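Novice: Attaching a single structure in structure tokens format; questions to follow.
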Amino acid sequence: MLRDHRDRPVDGGDWFLHHGTDVETRWDEDVPHLTPNDRFFVRNHTRPPVIDVETWRLLVTGDGVHGEATYSLADLQAFTSTTVERALECTGNGRKLFADQQGATRPGTQWGLGAIGVARWTGVPLRTVLRHAGLRDDAVQVMPVGLDDPFVEDGVDHGRVRRPLPMEKALDDALIAWEMNSEPLPVDHGFPARLVVPGWVGIASIKWLGELRVTTSIVDSPWNTTWYRMHGEGWSDEDAVLDVMPVKSIIDVTGRLEAGRMSVLRGRAWSGEATVSVVELSTDGGATWQETTLTGPNEPSSWVEWEHAWTPSQTGPHELVTRATDSRGRRQPVQAPLNDDGYLFSASVRHPVTVAESSLVSSPAGTPGRPAPVG
Ligand SMILES: Nc1nc2c(c(=O)[nH]1)N[C@H]1C(S)=C(S)[C@@H](COP(=O)(O)O)O[C@H]1N2
Ligand SMILES: [Mo]
């Protein structure tokens, strides 16, 4: 089935599955390697703020810098910029699968696996700006603060969306980005500038950046103490804080499968702060596994395509399952670790399919089948 990416899906819907203010990319349509900006998932706690870029300034404050500094967009763009291909994935991506596969319904946005996208982000390394602002040696963290309205839930005002970022990651590969796939950041994705924290939970990548509070002591926010943290049985304080995303994989929409006819199955795999080493495929619900072929770019904290030729011998229901392993040696489990809020669904995703009768004109036994004419 060929489809122009500019066309809308055949069923007349739009490119997204809708969850209130959040939208999720549909995997039942072809998803290009770079997620187009208008098909990239959106997760907003409130509403995107309207920002006048002429008056917008990024403030760098706190006792972790020698003095306060402010930057206009032009100031930021005057630094040497860099462009990287990286995924951005919501911590709750796959939450619906806790219910579907593990009988454990969890509250919150019922994401399938579409709360992830890959873009080429252009910006300046966060470390460049922090050092320019006069970073002190004893600074331990940065608190990026968004300019969207304070987040109010059940009558409690939690303040502006913000989450502490440890200095080690801040000085490593975090980026202050103003371009997404060679276009200015769309309003939904953080115009005029956002943080991109590669391989980490999506909440680390604060949008509509207004302030960077640099401190010499640890300061928390509800986004690392109440939310985006593991709660529930078996979690201790040390392993509860969420940072790096786990390794995951998916099977793309498969099309018609026929007994005796070869189909090429395709999909994708990704991992936080790592590349993908192997994607294995099972066509029998996980009893036996075959290694697939990885194709195309395989950047850390991004995704890679895989493909595998399969000629089913039997008609009827089959369960396809994939299992990815990353360059850090992490492998997808059969069951994702349970937690109260349904974060980090990392298990292998089961993909039921039905193999149809062969539509080949019956050929004499022993003659290899030819694909049926397309018509
Ligand atoms: N200021 C601000 N930054 C934010 C959010 C937000 O609501 N406000 N949502 C976070 C969450 S939970 C995710 S998953 C990502 C989503 O980024 P996207 O909407 O560009 O896909 O942004 C993060 N940054
Ligand atoms: Mo998120």
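Going by the structure tokens order, chains are called A, B, ..., each with residues numbered from 1, while ligands are numbered from 1 in the order shown.
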Compute the set of protein, DNA and RNA residues whose minimum atom distance to ligand 2 is at most 8 Å, using only C-alpha atoms and all ligand atoms, and state it as an MDAnalysis selection string.

Specialist: chainID A and resid 43 89:93 115 201:203

Novice: Using N, CA and C atoms, can you export the residues from the last selection as a CSV table (one decimal), in the first residue's frame?

Specialist:
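Written file, part-v8.csv:
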```csv
chain,number,residue,atom,x,y,z
A,43,ARG,N,2.6,16.6,24.5
A,43,ARG,CA,2.2,16.4,25.9
A,43,ARG,C,2.3,17.8,26.6
A,89,GLU,N,10.7,11.1,24.2
A,89,GLU,CA,9.6,10.1,24.5
A,89,GLU,C,9.1,10.4,25.9
A,90,CYS,N,7.7,10.3,26.0
A,90,CYS,CA,7.1,10.5,27.3
A,90,CYS,C,7.3,9.3,28.2
A,91,THR,N,7.5,9.6,29.5
A,91,THR,CA,7.8,8.6,30.5
A,91,THR,C,6.6,7.6,30.5
A,92,GLY,N,5.4,8.1,30.2
A,92,GLY,CA,4.2,7.2,30.3
A,92,GLY,C,3.9,6.5,28.9
A,93,ASN,N,4.8,6.7,27.9
A,93,ASN,CA,4.6,6.0,26.7
A,93,ASN,C,4.4,4.5,26.9
A,115,ALA,N,3.8,7.9,22.0
A,115,ALA,CA,4.2,9.1,22.6
A,115,ALA,C,5.8,9.2,22.5
A,201,VAL,N,13.8,10.7,30.3
A,201,VAL,CA,12.3,10.9,30.3
A,201,VAL,C,11.9,12.2,29.7
A,202,GLY,N,10.8,12.2,28.9
A,202,GLY,CA,10.4,13.4,28.2
A,202,GLY,C,10.3,14.7,29.1
A,203,ILE,N,9.8,14.5,30.3
A,203,ILE,CA,9.6,15.6,31.2
A,203,ILE,C,10.9,16.4,31.4
```

Novice: Given a cut-off of 7 Å, what residues near ligand 1 show up using only C-alpha atoms and all ligand atoms, put as a PDB file with N, CA, C and O atoms, in the first residue's frame?

Specialist:
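Dumped to out-v7.pdb:
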```pdb
ATOM      1  N   PHE A  40       4.245  14.881  15.263  1.00  0.00           N
ATOM      2  CA  PHE A  40       5.010  14.590  16.479  1.00  0.00           C
ATOM      3  C   PHE A  40       4.085  14.684  17.696  1.00  0.00           C
ATOM      4  O   PHE A  40       3.326  15.646  17.827  1.00  0.00           O
ATOM      5  N   PHE A  41       4.124  13.708  18.578  1.00  0.00           N
ATOM      6  CA  PHE A  41       3.220  13.703  19.746  1.00  0.00           C
ATOM      7  C   PHE A  41       3.372  14.994  20.561  1.00  0.00           C
ATOM      8  O   PHE A  41       4.431  15.624  20.532  1.00  0.00           O
ATOM      9  N   VAL A  42       2.310  15.365  21.244  1.00  0.00           N
ATOM     10  CA  VAL A  42       2.333  16.566  22.084  1.00  0.00           C
ATOM     11  C   VAL A  42       1.862  16.194  23.489  1.00  0.00           C
ATOM     12  O   VAL A  42       0.845  15.528  23.646  1.00  0.00           O
ATOM     13  N   ARG A  43       2.639  16.632  24.463  1.00  0.00           N
ATOM     14  CA  ARG A  43       2.236  16.415  25.855  1.00  0.00           C
ATOM     15  C   ARG A  43       2.340  17.763  26.573  1.00  0.00           C
ATOM     16  O   ARG A  43       3.443  18.261  26.813  1.00  0.00           O
ATOM     17  N   ASN A  44       1.185  18.343  26.841  1.00  0.00           N
ATOM     18  CA  ASN A  44       1.134  19.640  27.513  1.00  0.00           C
ATOM     19  C   ASN A  44       0.425  19.517  28.855  1.00  0.00           C
ATOM     20  O   ASN A  44      -0.697  19.016  28.903  1.00  0.00           O
ATOM     21  N   HIS A  45       1.058  19.993  29.917  1.00  0.00           N
ATOM     22  CA  HIS A  45       0.403  19.984  31.223  1.00  0.00           C
ATOM     23  C   HIS A  45      -0.736  20.992  31.274  1.00  0.00           C
ATOM     24  O   HIS A  45      -1.732  20.768  31.944  1.00  0.00           O
ATOM     25  N   THR A  46      -0.551  22.135  30.617  1.00  0.00           N
ATOM     26  CA  THR A  46      -1.628  23.127  30.555  1.00  0.00           C
ATOM     27  C   THR A  46      -1.830  23.519  29.098  1.00  0.00           C
ATOM     28  O   THR A  46      -2.321  22.720  28.318  1.00  0.00           O
ATOM     29  N   LEU A  88      12.464  11.930  21.460  1.00  0.00           N
ATOM     30  CA  LEU A  88      11.852  12.496  22.656  1.00  0.00           C
ATOM     31  C   LEU A  88      10.690  11.562  22.968  1.00  0.00           C
ATOM     32  O   LEU A  88       9.881  11.283  22.085  1.00  0.00           O
ATOM     33  N   GLU A  89      10.658  11.052  24.171  1.00  0.00           N
ATOM     34  CA  GLU A  89       9.645  10.056  24.513  1.00  0.00           C
ATOM     35  C   GLU A  89       9.058  10.354  25.881  1.00  0.00           C
ATOM     36  O   GLU A  89       9.785  10.637  26.841  1.00  0.00           O
ATOM     37  N   CYS A  90       7.737  10.277  25.962  1.00  0.00           N
ATOM     38  CA  CYS A  90       7.077  10.515  27.253  1.00  0.00           C
ATOM     39  C   CYS A  90       7.330   9.327  28.184  1.00  0.00           C
ATOM     40  O   CYS A  90       7.322   8.170  27.754  1.00  0.00           O
ATOM     41  N   THR A  91       7.531   9.642  29.452  1.00  0.00           N
ATOM     42  CA  THR A  91       7.760   8.622  30.483  1.00  0.00           C
ATOM     43  C   THR A  91       6.623   7.603  30.526  1.00  0.00           C
ATOM     44  O   THR A  91       6.828   6.435  30.825  1.00  0.00           O
ATOM     45  N   VAL A 145      12.850  26.021  33.944  1.00  0.00           N
ATOM     46  CA  VAL A 145      11.464  26.379  34.272  1.00  0.00           C
ATOM     47  C   VAL A 145      10.750  26.793  32.990  1.00  0.00           C
ATOM     48  O   VAL A 145      11.256  27.623  32.224  1.00  0.00           O
ATOM     49  N   GLY A 146       9.549  26.235  32.752  1.00  0.00           N
ATOM     50  CA  GLY A 146       8.757  26.574  31.568  1.00  0.00           C
ATOM     51  C   GLY A 146       7.943  27.834  31.789  1.00  0.00           C
ATOM     52  O   GLY A 146       7.648  28.206  32.929  1.00  0.00           O
ATOM     53  N   LEU A 147       7.566  28.476  30.689  1.00  0.00           N
ATOM     54  CA  LEU A 147       6.775  29.711  30.783  1.00  0.00           C
ATOM     55  C   LEU A 147       5.277  29.439  30.616  1.00  0.00           C
ATOM     56  O   LEU A 147       4.482  30.381  30.541  1.00  0.00           O
ATOM     57  N   ASP A 148       4.866  28.178  30.546  1.00  0.00           N
ATOM     58  CA  ASP A 148       3.433  27.892  30.496  1.00  0.00           C
ATOM     59  C   ASP A 148       2.820  28.189  31.866  1.00  0.00           C
ATOM     60  O   ASP A 148       3.537  28.332  32.865  1.00  0.00           O
ATOM     61  N   VAL A 161       5.909  24.383  35.345  1.00  0.00           N
ATOM     62  CA  VAL A 161       6.489  23.069  35.038  1.00  0.00           C
ATOM     63  C   VAL A 161       8.012  23.184  35.086  1.00  0.00           C
ATOM     64  O   VAL A 161       8.607  24.038  34.416  1.00  0.00           O
ATOM     65  N   ARG A 162       8.636  22.356  35.906  1.00  0.00           N
ATOM     66  CA  ARG A 162      10.089  22.424  36.115  1.00  0.00           C
ATOM     67  C   ARG A 162      10.558  21.099  36.698  1.00  0.00           C
ATOM     68  O   ARG A 162       9.807  20.419  37.382  1.00  0.00           O
ATOM     69  N   ASP A 188       3.543  24.226  19.911  1.00  0.00           N
ATOM     70  CA  ASP A 188       3.272  23.071  20.767  1.00  0.00           C
ATOM     71  C   ASP A 188       4.540  22.417  21.297  1.00  0.00           C
ATOM     72  O   ASP A 188       4.497  21.704  22.296  1.00  0.00           O
ATOM     73  N   HIS A 189       5.635  22.618  20.610  1.00  0.00           N
ATOM     74  CA  HIS A 189       6.862  21.916  21.001  1.00  0.00           C
ATOM     75  C   HIS A 189       7.875  22.826  21.690  1.00  0.00           C
ATOM     76  O   HIS A 189       9.026  22.431  21.877  1.00  0.00           O
ATOM     77  N   GLY A 190       7.434  24.055  22.067  1.00  0.00           N
ATOM     78  CA  GLY A 190       8.282  24.851  22.957  1.00  0.00           C
ATOM     79  C   GLY A 190       8.798  26.170  22.452  1.00  0.00           C
ATOM     80  O   GLY A 190       9.736  26.715  23.049  1.00  0.00           O
ATOM     81  N   GLY A 202      10.831  12.231  28.938  1.00  0.00           N
ATOM     82  CA  GLY A 202      10.425  13.430  28.209  1.00  0.00           C
ATOM     83  C   GLY A 202      10.251  14.668  29.071  1.00  0.00           C
ATOM     84  O   GLY A 202      10.512  15.794  28.625  1.00  0.00           O
ATOM     85  N   ILE A 203       9.837  14.488  30.312  1.00  0.00           N
ATOM     86  CA  ILE A 203       9.593  15.637  31.187  1.00  0.00           C
ATOM     87  C   ILE A 203      10.877  16.440  31.445  1.00  0.00           C
ATOM     88  O   ILE A 203      10.812  17.626  31.781  1.00  0.00           O
ATOM     89  N   ALA A 204      12.043  15.833  31.269  1.00  0.00           N
ATOM     90  CA  ALA A 204      13.299  16.569  31.463  1.00  0.00           C
ATOM     91  C   ALA A 204      13.467  17.656  30.407  1.00  0.00           C
ATOM     92  O   ALA A 204      14.124  18.672  30.645  1.00  0.00           O
ATOM     93  N   SER A 205      12.835  17.451  29.254  1.00  0.00           N
ATOM     94  CA  SER A 205      13.018  18.369  28.125  1.00  0.00           C
ATOM     95  C   SER A 205      11.999  19.506  28.208  1.00  0.00           C
ATOM     96  O   SER A 205      11.013  19.548  27.461  1.00  0.00           O
ATOM     97  N   ILE A 206      12.235  20.411  29.129  1.00  0.00           N
ATOM     98  CA  ILE A 206      11.288  21.502  29.421  1.00  0.00           C
ATOM     99  C   ILE A 206      11.118  22.410  28.206  1.00  0.00           C
ATOM    100  O   ILE A 206      12.093  22.846  27.595  1.00  0.00           O
ATOM    101  N   LYS A 207       9.832  22.678  27.891  1.00  0.00           N
ATOM    102  CA  LYS A 207       9.487  23.516  26.738  1.00  0.00           C
ATOM    103  C   LYS A 207       9.314  24.969  27.192  1.00  0.00           C
ATOM    104  O   LYS A 207       9.198  25.251  28.369  1.00  0.00           O
ATOM    105  N   TRP A 208       9.254  25.883  26.207  1.00  0.00           N
ATOM    106  CA  TRP A 208       9.028  27.314  26.475  1.00  0.00           C
ATOM    107  C   TRP A 208       9.923  27.776  27.637  1.00  0.00           C
ATOM    108  O   TRP A 208       9.462  28.334  28.641  1.00  0.00           O
ATOM    109  N   LEU A 209      11.181  27.518  27.467  1.00  0.00           N
ATOM    110  CA  LEU A 209      12.154  27.757  28.526  1.00  0.00           C
ATOM    111  C   LEU A 209      12.171  29.242  28.915  1.00  0.00           C
ATOM    112  O   LEU A 209      12.263  30.111  28.059  1.00  0.00           O
TER     113      LEU A 209
END
```

Novice: Write out as an mmCIF file with N, CA, C and O atoms, in the first residue's frame all residues of stretch 122-283 of chain A that DSSP puts in helix (DSSP H, G or I) for this structure's backbone.

Specialist:
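Listing of states06.cif after writing:
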```
data_model
loop_
_atom_site.group_PDB
_atom_site.id
_atom_site.type_symbol
_atom_site.label_atom_id
_atom_site.label_comp_id
_atom_site.auth_asym_id
_atom_site.auth_seq_id
_atom_site.Cartn_x
_atom_site.Cartn_y
_atom_site.Cartn_z
ATOM 1 N N LEU A 126 23.710 23.042 26.405
ATOM 2 C CA LEU A 126 23.393 23.726 27.668
ATOM 3 C C LEU A 126 24.676 24.142 28.388
ATOM 4 O O LEU A 126 24.761 25.220 28.972
ATOM 5 N N ARG A 127 25.704 23.293 28.335
ATOM 6 C CA ARG A 127 26.955 23.590 29.049
ATOM 7 C C ARG A 127 27.590 24.879 28.537
ATOM 8 O O ARG A 127 28.187 25.637 29.314
ATOM 9 N N THR A 128 27.449 25.144 27.234
ATOM 10 C CA THR A 128 28.036 26.358 26.662
ATOM 11 C C THR A 128 27.430 27.596 27.325
ATOM 12 O O THR A 128 28.138 28.534 27.708
ATOM 13 N N VAL A 129 26.102 27.571 27.471
ATOM 14 C CA VAL A 129 25.405 28.724 28.053
ATOM 15 C C VAL A 129 25.706 28.823 29.555
ATOM 16 O O VAL A 129 25.964 29.913 30.080
ATOM 17 N N LEU A 130 25.704 27.677 30.240
ATOM 18 C CA LEU A 130 25.981 27.710 31.689
ATOM 19 C C LEU A 130 27.386 28.254 31.952
ATOM 20 O O LEU A 130 27.592 29.077 32.841
ATOM 21 N N ARG A 131 28.352 27.821 31.157
ATOM 22 C CA ARG A 131 29.731 28.293 31.359
ATOM 23 C C ARG A 131 29.830 29.767 31.018
ATOM 24 O O ARG A 131 30.483 30.534 31.737
ATOM 25 N N HIS A 132 29.157 30.165 29.950
ATOM 26 C CA HIS A 132 29.168 31.576 29.563
ATOM 27 C C HIS A 132 28.567 32.436 30.670
ATOM 28 O O HIS A 132 29.011 33.562 30.922
ATOM 29 N N MET A 167 23.823 18.143 37.396
ATOM 30 C CA MET A 167 24.847 18.868 36.642
ATOM 31 C C MET A 167 25.568 17.966 35.640
ATOM 32 O O MET A 167 25.926 18.403 34.544
ATOM 33 N N GLU A 168 25.775 16.709 36.000
ATOM 34 C CA GLU A 168 26.507 15.801 35.117
ATOM 35 C C GLU A 168 25.826 15.690 33.739
ATOM 36 O O GLU A 168 26.487 15.769 32.698
ATOM 37 N N LYS A 169 24.510 15.514 33.739
ATOM 38 C CA LYS A 169 23.783 15.420 32.465
ATOM 39 C C LYS A 169 23.710 16.789 31.793
ATOM 40 O O LYS A 169 23.825 16.897 30.560
ATOM 41 N N ALA A 170 23.547 17.840 32.622
ATOM 42 C CA ALA A 170 23.461 19.193 32.064
ATOM 43 C C ALA A 170 24.729 19.543 31.286
ATOM 44 O O ALA A 170 24.679 20.208 30.256
ATOM 45 N N VAL A 187 4.873 26.037 18.161
ATOM 46 C CA VAL A 187 4.374 26.491 19.464
ATOM 47 C C VAL A 187 4.153 25.308 20.411
ATOM 48 O O VAL A 187 4.549 25.337 21.571
ATOM 49 N N ASP A 188 3.543 24.226 19.911
ATOM 50 C CA ASP A 188 3.272 23.071 20.767
ATOM 51 C C ASP A 188 4.540 22.417 21.297
ATOM 52 O O ASP A 188 4.497 21.704 22.296
ATOM 53 N N HIS A 189 5.635 22.618 20.610
ATOM 54 C CA HIS A 189 6.862 21.916 21.001
ATOM 55 C C HIS A 189 7.875 22.826 21.690
ATOM 56 O O HIS A 189 9.026 22.431 21.877
ATOM 57 N N GLY A 202 10.831 12.231 28.938
ATOM 58 C CA GLY A 202 10.425 13.430 28.209
ATOM 59 C C GLY A 202 10.251 14.668 29.071
ATOM 60 O O GLY A 202 10.512 15.794 28.625
ATOM 61 N N ILE A 203 9.837 14.488 30.312
ATOM 62 C CA ILE A 203 9.593 15.637 31.187
ATOM 63 C C ILE A 203 10.877 16.440 31.445
ATOM 64 O O ILE A 203 10.812 17.626 31.781
ATOM 65 N N ALA A 204 12.043 15.833 31.269
ATOM 66 C CA ALA A 204 13.299 16.569 31.463
ATOM 67 C C ALA A 204 13.467 17.656 30.407
ATOM 68 O O ALA A 204 14.124 18.672 30.645
ATOM 69 N N PRO A 222 7.765 19.056 42.267
ATOM 70 C CA PRO A 222 6.813 17.926 42.239
ATOM 71 C C PRO A 222 7.032 17.017 41.031
ATOM 72 O O PRO A 222 6.601 15.872 41.040
ATOM 73 N N TRP A 223 7.751 17.523 40.010
ATOM 74 C CA TRP A 223 7.981 16.714 38.799
ATOM 75 C C TRP A 223 9.114 15.701 38.977
ATOM 76 O O TRP A 223 9.393 14.940 38.071
ATOM 77 N N ASN A 224 9.776 15.740 40.154
ATOM 78 C CA ASN A 224 10.683 14.620 40.433
ATOM 79 C C ASN A 224 10.370 13.934 41.758
ATOM 80 O O ASN A 224 10.912 12.878 42.041
ATOM 81 N N THR A 225 9.463 14.538 42.567
ATOM 82 C CA THR A 225 9.127 13.894 43.853
ATOM 83 C C THR A 225 7.766 13.218 43.811
ATOM 84 O O THR A 225 7.593 12.115 44.328
ATOM 85 N N ASP A 237 13.671 4.444 47.487
ATOM 86 C CA ASP A 237 13.942 5.819 47.085
ATOM 87 C C ASP A 237 15.036 5.927 46.033
ATOM 88 O O ASP A 237 14.961 6.750 45.134
ATOM 89 N N GLU A 238 16.062 5.063 46.135
ATOM 90 C CA GLU A 238 17.205 5.198 45.216
ATOM 91 C C GLU A 238 16.845 4.849 43.776
ATOM 92 O O GLU A 238 17.296 5.499 42.844
ATOM 93 N N ASP A 239 16.033 3.781 43.606
ATOM 94 C CA ASP A 239 15.755 3.389 42.219
ATOM 95 C C ASP A 239 14.467 4.023 41.687
ATOM 96 O O ASP A 239 14.025 3.722 40.589
ATOM 97 N N ALA A 240 13.881 4.925 42.476
ATOM 98 C CA ALA A 240 12.582 5.473 42.094
ATOM 99 C C ALA A 240 12.683 6.674 41.163
ATOM 100 O O ALA A 240 11.755 6.972 40.424
#
```

Novice: Quick one: contact table of stretch 275-347 of chain A to stretch 264-270 of chain A, 6 Å max, nearest atom pair and distance in Å to one decimal per residue, counting only C-alpha atoms, chain and number order, as CSV?

Specialist:
```
residue,atom,partner,partner_atom,distance
A:Ser302,CA,A:Trp270,CA,5.8
A:Trp303,CA,A:Trp270,CA,4.3
A:Val304,CA,A:Ala269,CA,5.5
A:Glu305,CA,A:Arg268,CA,4.4
A:Trp306,CA,A:Gly267,CA,5.4
A:Glu307,CA,A:Arg266,CA,4.3
A:His308,CA,A:Leu265,CA,5.2
A:Ala309,CA,A:Val264,CA,4.3
```

Novice: Please save C-alpha atoms of the selected residues as a compact mmCIF listing (two decimals), in the first residue's frame.

Specialist:
```
# COMPACT_ATOMS: atom_id res chain seq x y z
CA SER A 302 17.18 7.70 18.63
CA TRP A 303 15.58 4.83 16.76
CA VAL A 304 16.63 2.30 14.18
CA GLU A 305 14.51 0.41 11.64
CA TRP A 306 14.59 -3.38 11.50
CA GLU A 307 13.23 -5.81 8.90
CA HIS A 308 12.77 -9.52 8.58
CA ALA A 309 11.43 -11.75 5.82
```

Novice: Would you mind listing what lies within 10 Å of A:Trp227 as a PyMOL selection string, with only C-alpha atoms counted and same-chain residues fewer than 6 positions away left out?

Specialist: chain A and resi 203+221+241-242+341+343

Novice: Could you pull the residues within 10 Å of A:Thr83, counting only C-alpha atoms, minus those fewer than 6 positions along the same chain, as a list of chain:residue names?

Specialist: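 Here the answer would be A:Ala119, A:Arg120, A:Trp121, A:Thr122, A:Gly123, A:Val124, A:Pro125, A:Leu175, A:Ala177, A:Glu179, A:Met180, A:Asn181, A:Ser182.
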
Novice: Would you put the residues from that selection into a file with N, CA, C and O atoms, as a PDB file, in the first residue's frame?

Specialist:
```pdb
ATOM      1  N   ALA A 119      13.429  13.705  16.013  1.00  0.00           N
ATOM      2  CA  ALA A 119      13.621  14.919  15.208  1.00  0.00           C
ATOM      3  C   ALA A 119      15.106  15.256  15.175  1.00  0.00           C
ATOM      4  O   ALA A 119      15.890  14.742  15.967  1.00  0.00           O
ATOM      5  N   ARG A 120      15.433  16.128  14.230  1.00  0.00           N
ATOM      6  CA  ARG A 120      16.769  16.733  14.245  1.00  0.00           C
ATOM      7  C   ARG A 120      16.629  18.076  14.944  1.00  0.00           C
ATOM      8  O   ARG A 120      15.908  18.955  14.483  1.00  0.00           O
ATOM      9  N   TRP A 121      17.294  18.190  16.071  1.00  0.00           N
ATOM     10  CA  TRP A 121      17.186  19.372  16.916  1.00  0.00           C
ATOM     11  C   TRP A 121      18.417  20.252  16.709  1.00  0.00           C
ATOM     12  O   TRP A 121      19.545  19.754  16.756  1.00  0.00           O
ATOM     13  N   THR A 122      18.182  21.538  16.516  1.00  0.00           N
ATOM     14  CA  THR A 122      19.295  22.473  16.380  1.00  0.00           C
ATOM     15  C   THR A 122      19.273  23.434  17.561  1.00  0.00           C
ATOM     16  O   THR A 122      18.211  23.976  17.906  1.00  0.00           O
ATOM     17  N   GLY A 123      20.435  23.630  18.156  1.00  0.00           N
ATOM     18  CA  GLY A 123      20.521  24.531  19.297  1.00  0.00           C
ATOM     19  C   GLY A 123      21.948  24.650  19.787  1.00  0.00           C
ATOM     20  O   GLY A 123      22.897  24.333  19.063  1.00  0.00           O
ATOM     21  N   VAL A 124      22.084  25.073  21.028  1.00  0.00           N
ATOM     22  CA  VAL A 124      23.399  25.247  21.629  1.00  0.00           C
ATOM     23  C   VAL A 124      23.486  24.314  22.845  1.00  0.00           C
ATOM     24  O   VAL A 124      22.501  24.158  23.573  1.00  0.00           O
ATOM     25  N   PRO A 125      24.634  23.664  23.041  1.00  0.00           N
ATOM     26  CA  PRO A 125      24.748  22.818  24.229  1.00  0.00           C
ATOM     27  C   PRO A 125      24.475  23.640  25.498  1.00  0.00           C
ATOM     28  O   PRO A 125      24.953  24.770  25.619  1.00  0.00           O
ATOM     29  N   LEU A 175      20.698  20.019  25.370  1.00  0.00           N
ATOM     30  CA  LEU A 175      20.737  21.047  24.338  1.00  0.00           C
ATOM     31  C   LEU A 175      19.627  22.061  24.593  1.00  0.00           C
ATOM     32  O   LEU A 175      18.521  21.691  24.969  1.00  0.00           O
ATOM     33  N   ALA A 177      17.362  23.994  22.408  1.00  0.00           N
ATOM     34  CA  ALA A 177      17.037  23.892  20.978  1.00  0.00           C
ATOM     35  C   ALA A 177      16.028  24.947  20.567  1.00  0.00           C
ATOM     36  O   ALA A 177      15.104  25.257  21.319  1.00  0.00           O
ATOM     37  N   GLU A 179      15.311  24.899  16.919  1.00  0.00           N
ATOM     38  CA  GLU A 179      14.836  24.362  15.645  1.00  0.00           C
ATOM     39  C   GLU A 179      14.540  22.883  15.769  1.00  0.00           C
ATOM     40  O   GLU A 179      15.256  22.150  16.458  1.00  0.00           O
ATOM     41  N   MET A 180      13.496  22.461  15.068  1.00  0.00           N
ATOM     42  CA  MET A 180      13.075  21.061  15.039  1.00  0.00           C
ATOM     43  C   MET A 180      12.923  20.712  13.568  1.00  0.00           C
ATOM     44  O   MET A 180      12.116  21.344  12.863  1.00  0.00           O
ATOM     45  N   ASN A 181      13.714  19.764  13.092  1.00  0.00           N
ATOM     46  CA  ASN A 181      13.680  19.395  11.672  1.00  0.00           C
ATOM     47  C   ASN A 181      13.790  20.619  10.765  1.00  0.00           C
ATOM     48  O   ASN A 181      12.995  20.810   9.835  1.00  0.00           O
ATOM     49  N   SER A 182      14.747  21.486  11.074  1.00  0.00           N
ATOM     50  CA  SER A 182      15.079  22.669  10.258  1.00  0.00           C
ATOM     51  C   SER A 182      13.999  23.751  10.221  1.00  0.00           C
ATOM     52  O   SER A 182      14.065  24.652   9.390  1.00  0.00           O
TER      53      SER A 182
END
```

Novice: Between A:Thr216, A:Gln102, A:Ser249, A:Thr80, which has the minimum distance to A:Ile176 (counting only C-alpha atoms)?

Specialist: A:Thr80

Novice: Restricting the calculation to only C-alpha atoms: of A:Thr283, A:Thr215, A:Ser263, A:Ser271, which residue gets closest to A:Arg328?

Specialist: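 The shortest atom-to-atom distance to A:Arg328 comes from A:Ser271.
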
Novice: So that I can see what lies close to stretch 311-326 of chain A, please list as an mmCIF file with C-alpha atoms, in the first residue's frame the residues with an atom at most 8 Å from it, counting only C-alpha atoms and leaving out residues fewer than 2 positions away in the same chain.

Specialist:
```cif
data_model
loop_
_atom_site.group_PDB
_atom_site.id
_atom_site.type_symbol
_atom_site.label_atom_id
_atom_site.label_comp_id
_atom_site.auth_asym_id
_atom_site.auth_seq_id
_atom_site.Cartn_x
_atom_site.Cartn_y
_atom_site.Cartn_z
ATOM 1 C CA VAL A 247 15.050 -0.117 25.383
ATOM 2 C CA LYS A 248 11.843 -0.729 23.392
ATOM 3 C CA SER A 249 10.697 -2.018 20.008
ATOM 4 C CA ILE A 250 7.605 -2.108 17.840
ATOM 5 C CA ILE A 251 6.279 -3.850 14.728
ATOM 6 C CA LEU A 257 -0.075 -11.971 5.383
ATOM 7 C CA GLU A 258 -0.618 -15.154 3.410
ATOM 8 C CA ALA A 259 0.449 -18.714 4.029
ATOM 9 C CA GLY A 260 3.250 -19.714 1.674
ATOM 10 C CA ARG A 261 4.025 -16.155 0.632
ATOM 11 C CA MET A 262 7.007 -14.170 1.823
ATOM 12 C CA SER A 263 6.293 -10.888 3.585
ATOM 13 C CA ALA A 269 13.626 -0.084 18.126
ATOM 14 C CA SER A 271 16.855 3.113 23.670
ATOM 15 C CA ALA A 274 22.366 3.772 23.854
ATOM 16 C CA THR A 275 22.199 2.385 20.345
ATOM 17 C CA VAL A 276 20.243 -0.759 19.508
ATOM 18 C CA SER A 277 22.406 -3.874 19.173
ATOM 19 C CA VAL A 278 19.891 -6.563 18.234
ATOM 20 C CA VAL A 279 16.188 -6.846 17.500
ATOM 21 C CA GLU A 280 14.803 -10.375 17.650
ATOM 22 C CA LEU A 281 11.449 -11.407 16.237
ATOM 23 C CA SER A 282 9.216 -14.249 17.277
ATOM 24 C CA THR A 283 6.302 -15.363 15.088
ATOM 25 C CA ASP A 284 5.056 -17.864 17.665
ATOM 26 C CA GLY A 285 4.318 -15.720 20.690
ATOM 27 C CA GLY A 286 7.846 -15.792 22.081
ATOM 28 C CA ALA A 309 11.428 -11.753 5.816
ATOM 29 C CA ARG A 328 24.407 -1.233 27.268
ATOM 30 C CA GLY A 329 23.254 -4.865 27.353
ATOM 31 C CA ARG A 330 19.709 -4.057 28.447
ATOM 32 C CA ARG A 331 17.045 -6.334 26.927
ATOM 33 C CA GLN A 332 13.275 -6.002 26.854
ATOM 34 C CA PRO A 333 11.593 -8.135 29.523
ATOM 35 C CA SER A 348 7.997 -6.781 24.510
ATOM 36 C CA VAL A 349 4.791 -5.785 22.747
ATOM 37 C CA ARG A 350 2.625 -8.581 21.404
ATOM 38 C CA HIS A 351 1.229 -8.041 17.941
ATOM 39 C CA PRO A 352 -1.550 -10.473 16.978
ATOM 40 C CA VAL A 353 -1.989 -11.106 13.249
ATOM 41 C CA THR A 354 -4.046 -13.458 11.115
ATOM 42 C CA VAL A 355 -2.421 -15.331 8.269
ATOM 43 C CA ALA A 356 -4.822 -15.734 5.334
ATOM 44 C CA GLU A 357 -5.140 -18.500 2.773
#
```
